[in-house]
Amino acid sequence: MLINGRLIDFNKPLTMGVINLTSDSFHSGSRAAGVEAAVALSGKMIADGADILDFGAYSTRPGAGDVNVKDEIAALIPVIEKVAAAFPEMIISADTFRSEVARAAVKAGAQIINDVGGGLFDPAMFETVASLGVPYILMHNRSMPQTMNQHADYKDVVNDVVLELSQKVHDLRLAGVSDIIIDPGFGFAKTVEHNYEMMMRLEEFHIFELPILVGISRKSMIWRTLNTTPEHALNGTTALHMLALERGAGILRVHDVKEAREAIAIWERCLPYRQTNPTYKG
């Protein structure tokens with residue numbers, strides 16, 4: 001996949017650093033209040049080893065309030081422009097479900113569109129991304145943040161999510177989008193039990209033969225299980241990152257880049273053993 005003029009090989013897992021430009025994102029450590037704060041946090045994540053920076057100006061935590069298009073653009077675009085100028089070699093992703101915002105973000109310097117709506121919330125998104133010629137992260141979802149917990153009803157969560165994503169992949173191909181990344185949508189219209197089942201069956205998403213993004217960093221599936229808070233969920237996050245890597249995740253979307261890079265380094269250190277021992281079942 002060609003991104004920012006570079007051929008990206010997803011056989012080597014990448015880290016995507018999360019930078020939220022809203023005041024109500026669920027993890028305070030990912031919030032950046034204003035352009036300068038976002039640039040500073042970007043620099044830290046790059047120093048820690050981030051491969052991609054993902055900027056969003058619409059909180060998608062369950063129950064989050066609405067943000068109008070004008071305010072989303074006003075918060076997002078100046079940050080992308082400044083970060084693209086400060087770090088021209090960096091891959092920048094725009095986290096938005098609106099085609100108007102996506103178009104403005106790419107014009108400002110973003111090279112990936114990360115759509116938590118998977119085209120569900122804006123019927124013009126697929127055609128817009130096709131016209132922009134950038135990679136698209138297709139996340140499974142069923143509803144806006146305000147109501148998504150009401151739609152966590154599945155016969156078989158993995159089979160149902162794969163089926164729903166397959167229709168979206170088909171529609172994207174018809175629209176002319178060639179570079180697609182799959183995100184199963186951990187935490188979006190899923191219960192904690194659904195999330196863990198998807199993690200343990202993550203290999204089934206390789207049916208698409210597309211890169212898989214896993215976004216579980218500090219989410220409630222972790223901190224509720226550990227009876228703690230997002231601020232104290234790093235250890236659990238790292239544990240799940242190792243499981244995701246074992247099951248073929250190509251991108252880890254994270255709040256803590258340094259720790260995610262360390263998890264990848266340990267996983268990579270185990271590769272020679274796995275490759276030379278065909279009986280290994282990990």
# chains A, B, ... in the order shown; residues from 1 in each chain; ligands from 1
>>> residues_around(residues="Met198 of chain A", least_positions_apart="3", cutoff="9 Å", atoms="only C-alpha atoms", output="PyMOL selection string")
chain A and resi 157-158+184+186+193-195+201-202+204
>>> closest_residue(among="A:Phe87, A:Phe97, A:Trp223, A:Tyr154", to="Glu72 of chain A", atoms="only C-alpha atoms")
A:Phe97
>>> closest_residue(among="A:Ile264, A:Tyr58, A:Ala84, A:Gly133", to="Arg98 of chain A", atoms="only C-alpha atoms")
A:Tyr58
>>> closest_residue(among="A:Gly109, A:Ile8, A:Met16, A:Asn68", to="Ile216 of chain A", atoms="only C-alpha atoms")
A:Met16
>>> closest_residue(among="A:Ile80, A:Ala85, A:Leu243, A:Leu210", to="Tyr136 of chain A", atoms="only C-alpha atoms")
A:Leu210
>>> closest_residue(among="A:Val177, A:Ala260, A:Leu14, A:Leu163", to="Phe205 of chain A", atoms="only C-alpha atoms")
A:Leu163
